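Participant: data.txt (compact mmCIF, C-alpha atoms) pasted underneath:
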# COMPACT_ATOMS: atom_id res chain seq x y z
CA MET A 1 -4.87 15.43 -21.85
CA LYS A 2 -5.35 11.72 -22.56
CA ALA A 3 -8.19 11.16 -20.14
CA ILE A 4 -10.26 14.14 -21.30
CA VAL A 5 -12.48 13.93 -24.35
CA LEU A 6 -12.54 17.36 -25.96
CA LEU A 7 -15.64 18.57 -27.78
CA ALA A 8 -15.49 18.31 -31.55
CA THR A 9 -17.57 20.53 -33.82
CA LEU A 10 -18.77 17.67 -36.02
CA ALA A 11 -19.45 15.26 -33.16
CA ALA A 12 -23.19 15.23 -33.67
CA LEU A 13 -22.76 13.96 -37.24
CA THR A 14 -20.72 11.03 -35.95
CA TRP A 15 -22.89 10.12 -32.98
CA GLY A 16 -26.31 10.42 -34.58
CA ALA A 17 -28.56 11.07 -31.58
CA ALA A 18 -27.01 13.80 -29.48
CA THR A 19 -27.68 16.11 -26.57
CA SER A 20 -26.91 19.81 -26.91
CA GLY A 21 -26.90 22.64 -24.43
CA ILE A 22 -25.44 25.93 -23.33
CA VAL A 23 -23.85 26.75 -19.99
CA LEU A 24 -24.61 30.24 -18.69
CA ASP A 25 -23.60 32.42 -15.76
CA LYS A 26 -26.60 32.46 -13.42
CA THR A 27 -26.24 36.15 -12.65
CA THR A 28 -25.12 37.73 -15.91
CA GLN A 29 -26.72 35.22 -18.31
CA LYS A 30 -23.45 35.27 -20.26
CA PRO A 31 -22.07 32.01 -21.72
CA ILE A 32 -19.30 30.20 -19.84
CA ALA A 33 -16.51 29.04 -22.15
CA ASN A 34 -14.47 25.93 -21.32
CA ALA A 35 -17.01 24.70 -18.76
CA ILE A 36 -16.72 21.00 -18.00
CA VAL A 37 -19.57 18.74 -19.06
CA ILE A 38 -19.75 15.18 -17.73
CA SER A 39 -21.68 12.41 -19.46
CA GLU A 40 -21.38 8.63 -19.38
CA GLY A 41 -18.04 8.72 -17.60
CA LYS A 42 -16.45 11.11 -20.10
CA GLU A 43 -15.49 14.76 -19.88
CA TYR A 44 -16.24 17.38 -22.51
CA ARG A 45 -15.80 21.16 -22.74
CA THR A 46 -18.03 23.99 -23.88
CA ASP A 47 -16.86 26.15 -26.77
CA LYS A 48 -16.27 29.91 -26.67
CA ASN A 49 -20.03 30.44 -26.87
CA GLY A 50 -20.71 28.17 -23.89
CA THR A 51 -22.34 25.50 -26.08
CA PHE A 52 -21.75 21.77 -26.25
CA THR A 53 -22.96 18.71 -28.12
CA ILE A 54 -22.42 15.26 -26.62
CA PRO A 55 -23.72 11.75 -27.25
CA SER A 56 -27.36 11.45 -26.22
CA SER A 57 -27.56 11.52 -22.43
CA THR A 58 -30.21 12.00 -19.77
CA TYR A 59 -27.85 12.76 -16.88
CA ILE A 60 -25.29 15.51 -17.26
CA GLY A 61 -22.82 16.99 -14.79
CA VAL A 62 -21.64 20.57 -15.30
CA ARG A 63 -19.01 22.66 -13.53
CA ALA A 64 -16.52 25.44 -14.23
CA VAL A 65 -13.67 27.10 -12.35
CA GLY A 66 -15.07 29.92 -10.26
CA TYR A 67 -18.54 28.38 -10.32
CA GLU A 68 -20.60 25.70 -8.62
CA ARG A 69 -21.14 22.16 -9.85
CA LYS A 70 -24.58 20.92 -10.83
CA PHE A 71 -26.34 17.95 -12.38
CA TYR A 72 -29.01 18.15 -15.06
CA LYS A 73 -31.30 15.47 -16.47
CA SER A 74 -31.26 16.82 -20.01
CA GLY A 75 -29.66 19.42 -22.24
CA GLY A 76 -30.76 22.96 -22.97
CA LYS A 77 -29.88 25.98 -20.86
CA MET A 78 -27.78 25.25 -17.80
CA TYR A 79 -27.02 27.89 -15.21
CA LEU A 80 -24.06 27.99 -12.82
CA GLY A 81 -23.75 30.38 -9.90
CA SER A 82 -20.41 31.91 -8.99
CA VAL A 83 -18.58 30.28 -6.07
CA ILE A 84 -15.38 31.76 -4.65
CA PRO A 85 -14.40 29.53 -1.69
CA LYS A 86 -12.83 31.32 1.27
CA ALA A 87 -11.93 28.45 3.51
CA LEU A 88 -10.66 27.38 6.88
CA TYR A 89 -8.69 24.17 7.29
CA LEU A 90 -9.99 21.71 9.89
CA SER A 91 -8.35 18.44 10.85
CA SER A 92 -10.62 15.42 11.27
CA PHE A 93 -10.40 15.96 15.00
CA GLY A 94 -11.29 19.63 14.67
CA ALA A 95 -14.19 18.99 12.31
CA THR A 96 -15.75 16.55 14.79
CA HIS A 97 -15.02 18.64 17.88
CA GLY A 98 -18.07 20.60 19.00
CA GLY A 99 -16.17 23.70 20.09
CA ILE A 100 -13.83 23.91 17.10
CA MET A 101 -16.56 23.27 14.55
CA GLY A 102 -18.84 25.62 16.42
CA ASN A 103 -16.26 28.41 16.11
CA ALA A 104 -15.80 27.66 12.40
CA LYS A 105 -19.54 27.87 11.79
CA HIS A 106 -19.71 31.10 13.78
CA LEU A 107 -17.08 32.59 11.46
CA ILE A 108 -19.03 31.32 8.46
CA ARG A 109 -22.16 33.07 9.76
CA THR A 110 -20.44 36.33 10.65
CA THR A 111 -17.54 36.76 8.21
CA GLU A 112 -16.66 36.17 4.57
CA ILE A 113 -15.65 32.52 5.25
CA ASN A 114 -17.88 30.15 3.25
CA ALA A 115 -15.89 26.92 2.86
CA LEU A 116 -14.05 24.23 4.83
CA VAL A 117 -11.09 22.00 3.95
CA ILE A 118 -11.48 18.83 6.03
CA ASP A 119 -8.96 16.02 6.52
CA ILE A 120 -10.27 12.68 5.29
CA LYS A 121 -7.07 10.73 4.66
CA MET A 122 -4.89 12.11 7.43
CA ASP A 123 -1.18 12.92 7.68
CA ARG A 124 -0.37 9.62 9.39
CA GLY A 125 -2.37 7.50 6.97
CA GLN A 126 -5.53 7.11 9.03
CA ILE A 127 -8.89 7.20 7.23
CA ALA A 128 -11.29 9.35 9.23
CA PHE A 129 -14.51 7.57 8.20
CA LYS A 130 -15.63 3.96 8.16
CA THR A 131 -14.55 2.56 4.83
CA ALA A 132 -15.22 -0.77 3.20
CA ASN A 133 -11.79 -0.64 1.58
CA PRO A 134 -10.11 -3.97 2.37
CA ILE A 135 -6.60 -2.52 2.37
CA ALA A 136 -7.51 0.22 4.86
CA ASN A 137 -8.87 -2.40 7.24
CA LYS A 138 -5.90 -4.69 6.70
CA ILE A 139 -3.19 -2.10 7.38
CA GLY A 140 -4.70 -0.54 10.51
CA ALA A 141 -5.84 2.71 8.90
CA GLN A 142 -9.18 2.45 10.71
CA GLU A 143 -7.95 2.79 14.28
CA VAL A 144 -9.50 6.24 14.62
CA ILE A 145 -12.91 6.68 12.99
CA LEU A 146 -14.12 10.19 13.67
CA PHE A 147 -16.93 10.59 11.13
CA LYS A 148 -19.64 8.13 12.08
CA ASP A 149 -21.82 9.07 9.09
CA LEU A 150 -19.79 11.03 6.55
CA PRO A 151 -22.58 11.57 3.96
CA LYS A 152 -24.85 13.03 6.65
CA PHE A 153 -22.02 15.20 7.96
CA ILE A 154 -21.45 16.66 4.49
CA ALA A 155 -25.19 17.01 3.80
CA ASP A 156 -25.60 19.02 7.00
CA LEU A 157 -22.79 21.39 5.98
CA LYS A 158 -24.37 21.85 2.56
CA LYS A 159 -27.68 22.81 4.16
CA GLU A 160 -25.78 25.78 5.60
CA GLY A 161 -24.38 26.71 2.18
CA ILE A 162 -20.84 25.58 3.01
CA TYR A 163 -18.51 24.56 0.17
CA THR A 164 -16.75 21.33 1.20
CA ILE A 165 -13.24 20.19 0.28
CA ALA A 166 -11.86 16.74 1.20
CA ARG A 167 -8.12 16.79 1.91
CA ILE A 168 -6.48 13.52 0.89
CA VAL A 169 -2.88 13.12 2.09
CA SER A 170 -1.51 11.04 -0.75
CA PHE A 171 2.07 9.78 -0.64
CA LYS A 172 2.92 10.13 3.04
CA ASP A 173 1.47 6.96 4.57
CA SER A 174 3.21 4.86 7.22
CA PRO A 175 0.47 2.20 7.61
CA LEU A 176 0.40 1.53 3.87
CA VAL A 177 4.17 1.25 3.51
CA SER A 178 4.46 -0.88 6.66
CA ALA A 179 2.06 -3.38 5.11
CA TYR A 180 3.43 -3.04 1.55
CA PRO A 181 7.15 -2.20 1.92
CA GLN A 182 7.65 -2.76 -1.81
CA TRP A 183 5.68 0.47 -2.32
CA GLY A 184 7.87 2.57 -0.04
CA VAL A 185 10.50 5.16 -0.88
CA LYS A 186 13.92 3.60 -0.25
CA LYS A 187 17.27 4.92 0.82
CA THR A 188 20.23 4.18 -1.42
CA ASP A 189 21.12 1.19 0.75
CA GLY A 190 17.70 -0.33 -0.02
CA THR A 191 16.13 0.21 3.42
CA LEU A 192 12.89 2.15 3.83
CA PHE A 193 13.18 5.91 4.04
CA LYS A 194 11.67 7.75 7.03
CA ASP A 195 11.17 11.50 7.19
CA LYS A 196 11.92 13.78 10.16
CA GLU A 197 8.64 12.74 11.78
CA GLY A 198 9.60 9.09 11.49
CA LEU A 199 6.99 8.46 8.81
CA TYR A 200 7.20 6.34 5.66
CA TRP A 201 6.45 7.64 2.18
CA VAL A 202 4.85 5.83 -0.73
CA ASP A 203 6.96 5.80 -3.89
CA ALA A 204 4.74 7.82 -6.25
CA SER A 205 6.35 6.10 -9.24
CA ARG A 206 4.78 2.79 -8.16
CA LYS A 207 1.55 2.87 -10.13
CA ASP A 208 0.21 -0.15 -8.26
CA SER A 209 0.04 2.02 -5.12
CA TRP A 210 -2.19 4.66 -6.73
CA LYS A 211 -5.43 2.69 -6.61
CA TYR A 212 -5.67 2.68 -2.82
CA ILE A 213 -5.28 6.46 -2.59
CA ILE A 214 -7.76 7.11 -5.38
CA ASP A 215 -10.21 4.61 -3.84
CA ILE A 216 -10.38 6.79 -0.71
CA ALA A 217 -10.81 9.89 -2.86
CA GLU A 218 -13.67 8.19 -4.71
CA GLU A 219 -15.43 7.31 -1.46
CA SER A 220 -15.09 10.94 -0.41
CA ALA A 221 -16.64 12.06 -3.68
CA LYS A 222 -19.51 9.63 -3.18
CA ALA A 223 -20.07 11.08 0.29
CA GLY A 224 -20.85 14.43 -1.30
CA PHE A 225 -17.75 16.62 -1.11
CA ASP A 226 -17.66 19.38 -3.70
CA GLU A 227 -13.91 19.10 -4.20
CA ILE A 228 -11.16 16.52 -3.73
CA GLN A 229 -7.84 18.03 -2.75
CA PHE A 230 -4.67 15.94 -3.00
CA ASP A 231 -1.95 16.96 -0.54
CA TYR A 232 1.56 15.52 -0.26
CA VAL A 233 1.18 14.69 -3.93
CA ARG A 234 4.94 14.68 -4.42
CA PHE A 235 8.17 12.90 -3.65
CA PRO A 236 9.99 13.62 -0.36
CA ASP A 237 12.37 16.59 -0.50
CA ARG A 238 15.38 14.62 0.64
CA LYS A 239 18.73 13.59 -0.76
CA GLY A 240 19.90 10.00 -0.83
CA ILE A 241 16.62 8.32 -1.75
CA GLN A 242 15.62 6.15 -4.67
CA PHE A 243 12.46 5.11 -6.46
CA SER A 244 11.24 2.36 -8.77
CA VAL A 245 12.30 4.59 -11.67
CA GLU A 246 15.42 6.64 -12.22
CA ASN A 247 15.48 9.64 -9.88
CA THR A 248 15.32 12.30 -12.58
CA GLN A 249 13.08 15.31 -13.06
CA ALA A 250 11.42 13.75 -16.09
CA GLU A 251 10.49 10.57 -14.20
CA ARG A 252 9.38 12.41 -11.07
CA VAL A 253 7.11 14.81 -12.96
CA LYS A 254 5.74 11.97 -15.07
CA ALA A 255 4.77 10.08 -11.91
CA ILE A 256 3.01 12.97 -10.18
CA SER A 257 1.16 14.20 -13.25
CA GLY A 258 0.28 10.58 -14.11
CA PHE A 259 -1.23 10.06 -10.67
CA LEU A 260 -3.37 13.20 -10.98
CA GLU A 261 -4.47 12.17 -14.46
CA SER A 262 -5.54 8.76 -13.13
CA ALA A 263 -7.36 10.34 -10.20
CA ARG A 264 -9.18 12.78 -12.44
CA THR A 265 -10.27 10.00 -14.79
CA ARG A 266 -11.66 7.87 -11.94
CA LEU A 267 -13.53 10.80 -10.42
CA ILE A 268 -15.16 11.99 -13.65
CA PRO A 269 -18.59 10.42 -12.89
CA TYR A 270 -18.89 12.42 -9.65
CA ASN A 271 -18.41 15.84 -11.26
CA VAL A 272 -16.22 16.95 -8.34
CA PHE A 273 -13.60 19.64 -8.59
CA ILE A 274 -10.01 18.36 -8.36
CA SER A 275 -7.21 20.31 -6.69
CA ALA A 276 -3.61 19.69 -5.66
CA ASP A 277 -1.41 21.34 -3.03
CA ILE A 278 2.06 22.39 -4.16
CA PHE A 279 5.14 23.87 -2.50
CA GLY A 280 5.32 27.66 -2.56
CA TYR A 281 8.77 27.73 -4.12
CA VAL A 282 7.53 25.62 -7.05
CA SER A 283 6.13 28.88 -8.44
CA TRP A 284 9.62 30.29 -8.67
CA HIS A 285 11.41 27.42 -10.41
CA ASP A 286 11.27 25.99 -13.90
CA ALA A 287 12.47 22.66 -12.50
CA ASP A 288 10.52 20.41 -10.14
CA ILE A 289 12.76 21.20 -7.09
CA GLU A 290 13.32 17.42 -6.92
CA ILE A 291 9.77 16.57 -5.72
CA GLY A 292 7.95 16.06 -9.03
CA GLN A 293 5.88 19.26 -8.87
CA ARG A 294 5.97 21.63 -11.80
CA VAL A 295 3.00 23.93 -12.33
CA ASP A 296 2.94 23.59 -16.12
CA ALA A 297 2.87 19.79 -15.85
CA LEU A 298 0.25 19.52 -13.08
CA ALA A 299 -2.18 22.26 -14.15
CA PRO A 300 -3.83 20.28 -17.00
CA TYR A 301 -5.05 17.58 -14.60
CA VAL A 302 -6.64 19.69 -11.86
CA ASP A 303 -9.25 22.40 -11.66
CA TYR A 304 -7.32 24.27 -8.97
CA LEU A 305 -3.69 24.45 -7.90
CA SER A 306 -3.20 25.43 -4.25
CA PRO A 307 0.34 26.68 -3.61
CA MET A 308 1.28 26.85 0.07
CA LEU A 309 2.33 30.48 0.35
CA TYR A 310 2.99 30.79 4.07
CA PRO A 311 5.62 33.54 4.43
CA SER A 312 7.24 31.54 7.27
CA GLY A 313 7.93 28.77 4.77
CA PHE A 314 9.95 30.98 2.42
CA ASN A 315 13.23 30.47 4.24
CA ALA A 316 15.27 32.24 1.56
CA GLY A 317 12.74 34.97 0.86
CA ILE A 318 12.00 35.97 -2.74
CA PRO A 319 13.90 38.33 -5.08
CA GLY A 320 13.82 41.79 -3.56
CA TYR A 321 12.31 40.64 -0.25
CA ALA A 322 14.78 38.98 2.08
CA ASN A 323 12.44 39.02 5.09
CA PRO A 324 9.27 37.19 4.02
CA VAL A 325 7.26 37.83 7.21
CA ALA A 326 7.66 41.56 6.57
CA ALA A 327 6.45 41.11 2.98
CA ASN A 328 3.24 39.11 3.27
CA TYR A 329 1.52 40.77 0.33
CA GLU A 330 4.54 40.45 -1.94
CA ILE A 331 5.19 36.77 -1.10
CA VAL A 332 1.65 35.82 -2.06
CA LYS A 333 1.15 38.12 -5.04
CA HIS A 334 4.50 37.57 -6.73
CA SER A 335 4.37 33.79 -6.16
CA LEU A 336 0.95 33.57 -7.80
CA ASP A 337 2.09 35.78 -10.68
CA LYS A 338 5.10 33.53 -11.25
CA ALA A 339 2.97 30.38 -11.17
CA LEU A 340 0.53 31.79 -13.72
CA GLN A 341 3.38 32.72 -16.04
CA LYS A 342 4.36 29.05 -16.07
CA SER A 343 0.92 27.43 -16.33
CA GLY A 344 -0.98 29.95 -18.43
CA GLY A 345 -4.75 29.93 -18.23
CA SER A 346 -6.78 31.89 -15.72
CA PRO A 347 -5.95 33.20 -12.23
CA LEU A 348 -9.19 31.46 -11.19
CA ALA A 349 -7.33 28.15 -11.52
CA TYR A 350 -5.43 29.02 -8.31
CA ARG A 351 -6.54 28.99 -4.68
CA PRO A 352 -3.56 29.57 -2.34
CA TRP A 353 -2.99 28.43 1.23
CA LEU A 354 -2.36 31.44 3.50
CA GLN A 355 -0.72 31.65 6.91
CA ALA A 356 -2.94 31.99 9.99
CA PHE A 357 -0.43 30.69 12.55
CA ARG A 358 2.43 32.28 14.48
CA ASP A 359 5.72 32.66 12.64
CA TYR A 360 8.20 29.92 13.55
CA ALA A 361 11.16 30.77 11.32
CA PHE A 362 11.98 34.47 11.70
CA ASP A 363 10.77 36.83 14.43
CA ARG A 364 7.97 34.74 15.97
CA ARG A 365 5.37 37.37 15.15
CA ILE A 366 1.70 36.56 15.62
CA TYR A 367 -0.24 36.47 12.38
CA GLY A 368 -3.23 38.67 13.14
CA GLU A 369 -5.38 41.29 11.47
CA LYS A 370 -2.67 43.00 9.42
CA GLU A 371 -0.71 39.93 8.31
CA ILE A 372 -3.75 37.86 7.34
CA ARG A 373 -5.43 40.70 5.48
CA GLU A 374 -2.27 41.47 3.52
CA GLN A 375 -2.19 37.89 2.24
CA ILE A 376 -5.89 37.89 1.37
CA ARG A 377 -5.56 41.20 -0.45
CA ALA A 378 -2.67 39.82 -2.51
CA SER A 379 -4.67 36.73 -3.44
CA GLU A 380 -7.68 38.80 -4.45
CA ASP A 381 -5.62 41.35 -6.37
CA PHE A 382 -4.20 38.41 -8.33
CA GLY A 383 -7.72 37.14 -9.05
CA SER A 384 -7.55 33.67 -7.51
CA CYS A 385 -10.64 31.56 -6.88
CA GLY A 386 -10.61 32.22 -3.15
CA TRP A 387 -8.03 31.21 -0.56
CA ILE A 388 -7.54 28.85 2.40
CA LEU A 389 -6.37 29.79 5.88
CA TRP A 390 -4.08 27.26 7.56
CA ASN A 391 -3.67 26.88 11.29
CA PRO A 392 -2.60 23.35 12.26
CA ARG A 393 -4.22 23.78 15.69
CA ASN A 394 -7.51 24.87 14.05
CA VAL A 395 -7.49 28.09 16.10
CA TYR A 396 -9.18 30.85 14.11
CA SER A 397 -10.68 34.24 14.83
CA ALA A 398 -12.20 37.02 12.75
CA ALA A 399 -8.80 38.76 12.58
CA GLY A 400 -8.15 39.89 9.02
CA LEU A 401 -11.58 38.80 7.80
CA ILE A 402 -14.39 40.97 6.47
CA ARG A 403 -17.25 40.95 8.95
CA LEU A 404 -20.81 40.72 7.72
CA GLU A 405 -23.25 43.41 8.69
CA ARG A 406 -25.85 40.83 9.60
CA THR A 407 -25.06 38.00 12.02
CA ALA A 408 -27.93 35.89 10.75
CA ALA A 409 -27.15 32.97 8.48
CA LYS A 410 -25.71 34.49 5.33
CA LYS A 411 -26.75 33.64 1.87
CA VAL A 412 -23.99 31.77 0.10
CA GLU A 413 -24.27 30.46 -3.43
CA LYS A 414 -24.99 26.86 -2.53
CA PRO A 415 -23.05 24.23 -4.53
CA ALA A 416 -25.32 21.52 -5.88
CA SER A 417 -24.96 17.99 -4.61
Render the structure in this file as structure tokens.
Facilitator:
Amino acid sequence: MKAIVLLATLAALTWGAATSGIVLDKTTQKPIANAIVISEGKEYRTDKNGTFTIPSSTYIGVRAVGYERKFYKSGGKMYLGSVIPKALYLSSFGATHGGIMGNAKHLIRTTEINALVIDIKMDRGQIAFKTANPIANKIGAQEVILFKDLPKFIADLKKEGIYTIARIVSFKDSPLVSAYPQWGVKKTDGTLFKDKEGLYWVDASRKDSWKYIIDIAEESAKAGFDEIQFDYVRFPDRKGIQFSVENTQAERVKAISGFLESARTRLIPYNVFISADIFGYVSWHDADIEIGQRVDALAPYVDYLSPMLYPSGFNAGIPGYANPVAANYEIVKHSLDKALQKSGGSPLAYRPWLQAFRDYAFDRRIYGEKEIREQIRASEDFGSCGWILWNPRNVYSAAGLIRLERTAAKKVEKPAS
């Protein structure tokens, strides 16, 4: 990984003054191998014994998959508590709606839910908080400002022990393409491409378009989110379109992985986790299914991959299971197994999206207690770092969730700010 500076055994001899430390599991006191250590805008890794040596530094960020993120003012022993996010998705409107957020917090108090995925850069290109970004103001992306004070909003959630994930819709952005048509995906006749919703897409191969998206992600990191999640980080799944580069798998994958590498590099100083949403069927293919997503190519640049494993979205089923809504466990478990075979590494590097909405493609069944729990059980049997429930209407209940014995505020390993 070009942007990542890997720890070298003889680094201290080269640097002279150096800072050393060891990263340990807060509960077991065991060392954490391959933990990420941030110093002076660079990223290092602990060795198999959990130790590191970096150039002399007085401010160090530390995080690891399956754990919290923390900042330390010096080296020595550093402890990370385990964090397994079990999240609900909330749109910007839902997160700022008293009733919807109230229900989400009730579920956090009374069930296993301990995290929220919140829209920040929305599906139609709007930025949900007041930004100083000149492009956002120029293109009309500030027409709906829902978060009046985003840092305070996030700080209040953290006081309740809630793990916070900022969803950044990346390459679907009508306002941006309307203002900068040279950045848009084109049809073969040279006119701008629109999807079924009538929305424009940014051509991910245009590197000059990346800065704007990453700028918004950086502002979100500054506001205090624990994780930045890039959604629609792909090319449109359509025929008859063209990009600034040749429309080949190699060029598509290069563009998407290059964007994530650039985003990760920019966000290093904030010690935030980085994740990316991917199509469910990507797990099953060695190719990029013509959208630029391939798990082996994307995995090195993110902490978590989040495949969208809604059974209703598997229109062709999976081998051995022609009716996906009757095979909720198998869809999730086998898809995660396939993805891990391609990426290698740990199951903790995955956190899937699960279906919490009514089926729209097969028999219109309601996804309730049985269906939701089957998906969660599959995710946990695989060993993923939590899961995310998706309901576009933000309508959630305790169906399928483990209830807590106590209804008082539960103790959740609180991620550090």
Participant: Rank A:Val325, A:Ala378, A:Ile216, A:Val395 by their smallest atom-to-atom distance to Arg365 in chain A, using all atoms listed in the file, and report the top residue only.
Facilitator: A:Val325
Participant: Please determine, counting all atoms listed in the file, which residue among A:Tyr301, A:Tyr89, A:Tyr163, A:Phe225 has the shortest atom-to-atom distance to Asn391 in chain A.
Facilitator: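 Once distances to Asn391 in chain A are computed over all atoms listed in the file, the minimum belongs to A:Tyr89.
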Participant: I need the residue nearest Gly345 in chain A from this list: A:Ala115, A:Leu192, A:Val65, A:Ile289. Use only C-alpha atoms for the distance.
Facilitator: A:Val65
Participant: Nearest to Ile22 in chain A: which of A:Leu157, A:Leu348, A:Ile366, A:Val37 is it, counting all atoms listed in the file?
Facilitator: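 Once distances to Ile22 in chain A are computed over all atoms listed in the file, the minimum belongs to A:Val37.
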Participant: Place a sphere of radius 12 Å on (-12.2, 26.0, -11.6) in the file coordinates and name every protein, DNA or RNA residue with an atom inside or on its surface, counting all atoms listed in the file; give the answer as a PDB file with C-alpha atoms, keeping the file's coordinate frame.
Facilitator:
ATOM      1  CA  ILE A  32     -19.300  30.200 -19.840  1.00  0.00           C
ATOM      2  CA  ALA A  33     -16.510  29.040 -22.150  1.00  0.00           C
ATOM      3  CA  ASN A  34     -14.470  25.930 -21.320  1.00  0.00           C
ATOM      4  CA  ALA A  35     -17.010  24.700 -18.760  1.00  0.00           C
ATOM      5  CA  ILE A  36     -16.720  21.000 -18.000  1.00  0.00           C
ATOM      6  CA  VAL A  62     -21.640  20.570 -15.300  1.00  0.00           C
ATOM      7  CA  ARG A  63     -19.010  22.660 -13.530  1.00  0.00           C
ATOM      8  CA  ALA A  64     -16.520  25.440 -14.230  1.00  0.00           C
ATOM      9  CA  VAL A  65     -13.670  27.100 -12.350  1.00  0.00           C
ATOM     10  CA  GLY A  66     -15.070  29.920 -10.260  1.00  0.00           C
ATOM     11  CA  TYR A  67     -18.540  28.380 -10.320  1.00  0.00           C
ATOM     12  CA  GLU A  68     -20.600  25.700  -8.620  1.00  0.00           C
ATOM     13  CA  ARG A  69     -21.140  22.160  -9.850  1.00  0.00           C
ATOM     14  CA  SER A  82     -20.410  31.910  -8.990  1.00  0.00           C
ATOM     15  CA  VAL A  83     -18.580  30.280  -6.070  1.00  0.00           C
ATOM     16  CA  ILE A  84     -15.380  31.760  -4.650  1.00  0.00           C
ATOM     17  CA  PRO A  85     -14.400  29.530  -1.690  1.00  0.00           C
ATOM     18  CA  ASP A 226     -17.660  19.380  -3.700  1.00  0.00           C
ATOM     19  CA  GLU A 227     -13.910  19.100  -4.200  1.00  0.00           C
ATOM     20  CA  ASN A 271     -18.410  15.840 -11.260  1.00  0.00           C
ATOM     21  CA  VAL A 272     -16.220  16.950  -8.340  1.00  0.00           C
ATOM     22  CA  PHE A 273     -13.600  19.640  -8.590  1.00  0.00           C
ATOM     23  CA  ILE A 274     -10.010  18.360  -8.360  1.00  0.00           C
ATOM     24  CA  SER A 275      -7.210  20.310  -6.690  1.00  0.00           C
ATOM     25  CA  ALA A 299      -2.180  22.260 -14.150  1.00  0.00           C
ATOM     26  CA  PRO A 300      -3.830  20.280 -17.000  1.00  0.00           C
ATOM     27  CA  TYR A 301      -5.050  17.580 -14.600  1.00  0.00           C
ATOM     28  CA  VAL A 302      -6.640  19.690 -11.860  1.00  0.00           C
ATOM     29  CA  ASP A 303      -9.250  22.400 -11.660  1.00  0.00           C
ATOM     30  CA  TYR A 304      -7.320  24.270  -8.970  1.00  0.00           C
ATOM     31  CA  LEU A 305      -3.690  24.450  -7.900  1.00  0.00           C
ATOM     32  CA  SER A 306      -3.200  25.430  -4.250  1.00  0.00           C
ATOM     33  CA  GLY A 345      -4.750  29.930 -18.230  1.00  0.00           C
ATOM     34  CA  SER A 346      -6.780  31.890 -15.720  1.00  0.00           C
ATOM     35  CA  PRO A 347      -5.950  33.200 -12.230  1.00  0.00           C
ATOM     36  CA  LEU A 348      -9.190  31.460 -11.190  1.00  0.00           C
ATOM     37  CA  ALA A 349      -7.330  28.150 -11.520  1.00  0.00           C
ATOM     38  CA  TYR A 350      -5.430  29.020  -8.310  1.00  0.00           C
ATOM     39  CA  ARG A 351      -6.540  28.990  -4.680  1.00  0.00           C
ATOM     40  CA  SER A 384      -7.550  33.670  -7.510  1.00  0.00           C
ATOM     41  CA  CYS A 385     -10.640  31.560  -6.880  1.00  0.00           C
ATOM     42  CA  GLY A 386     -10.610  32.220  -3.150  1.00  0.00           C
TER      43      GLY A 386
END
Participant: Write out as number ranges by chain the residues lying within 8 Å of Lys186 in chain A, counting all atoms listed in the file and excluding same-chain residues fewer than 4 positions away.
Facilitator: A: 190-193, 241-243
Participant: CA of Leu107 in chain A to CA of Gly313 in chain A: how many Å, to one decimal?
Facilitator: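 Separating CA of Leu107 in chain A from CA of Gly313 in chain A is a distance of 26.2 Å.
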Participant: Of the residues A:Lys194, A:Ile120, A:Ile402, A:Phe362, which is the one nearest to Ala326 in chain A, using all atoms listed in the file?
Facilitator: A:Phe362
Participant: Take the point (3.4, 7.3, 5.2) as written in the file and pick out every residue within 8 Å of it, counting only C-alpha atoms; give the list as a PyMOL selection string.
Facilitator: chain A and resi 123-125+171-177+199-202
Participant: How many Å lie between CA of Tyr396 in chain A and CA of Lys152 in chain A, rounded to one decimal?
Facilitator: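 Pair CA of Tyr396 in chain A / CA of Lys152 in chain A returns 24.9 Å.
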Participant: Taking into account only C-alpha atoms, which residue in the set A:Ala155, A:Ala87, A:Ile278, A:Ile213 is nearest to Ile291 in chain A?
Facilitator: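 Ranked by minimum distance to Ile291 in chain A, first place goes to A:Ile278.
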Participant: Just give me the gap between CA of Glu160 in chain A and CA of Ala217 in chain A in Å, one decimal is fine.
Facilitator: 23.4 Å
Participant: Would you list the contacts of Thr28 in chain A as a list in words, taking every protein, DNA or RNA residue within 12 Å and counting all atoms listed in the file, but skipping same-chain residues closer than 5 positions in sequence?
Facilitator: Val23, Tyr79, Leu80, Gly81 and Ser82 of chain A
Participant: Need the shell around Asp288 in chain A: protein/DNA/RNA residues with any atom at most 8 Å away, counting all atoms listed in the file. Skip same-chain ones fewer than 5 positions apart. Format as a count of residues only?
Facilitator: 5
Participant: Extract, using only C-alpha atoms, all DNA, RNA and protein residues at most 10 Å from Ile256 in chain A, discarding same-chain residues fewer than 3 positions from it, and format them as a short mmCIF file (atom, residue, chain, number, x, y, z; two decimals) with C-alpha atoms, keeping the file's coordinate frame.
Facilitator:
data_model
loop_
_atom_site.label_atom_id
_atom_site.label_comp_id
_atom_site.auth_asym_id
_atom_site.auth_seq_id
_atom_site.Cartn_x
_atom_site.Cartn_y
_atom_site.Cartn_z
CA ALA A 204 4.74 7.82 -6.25
CA SER A 205 6.35 6.10 -9.24
CA VAL A 233 1.18 14.69 -3.93
CA ARG A 234 4.94 14.68 -4.42
CA PHE A 235 8.17 12.90 -3.65
CA GLU A 251 10.49 10.57 -14.20
CA ARG A 252 9.38 12.41 -11.07
CA VAL A 253 7.11 14.81 -12.96
CA PHE A 259 -1.23 10.06 -10.67
CA LEU A 260 -3.37 13.20 -10.98
CA GLU A 261 -4.47 12.17 -14.46
CA SER A 262 -5.54 8.76 -13.13
CA ILE A 291 9.77 16.57 -5.72
CA GLY A 292 7.95 16.06 -9.03
CA GLN A 293 5.88 19.26 -8.87
CA ARG A 294 5.97 21.63 -11.80
CA ALA A 297 2.87 19.79 -15.85
CA LEU A 298 0.25 19.52 -13.08
#
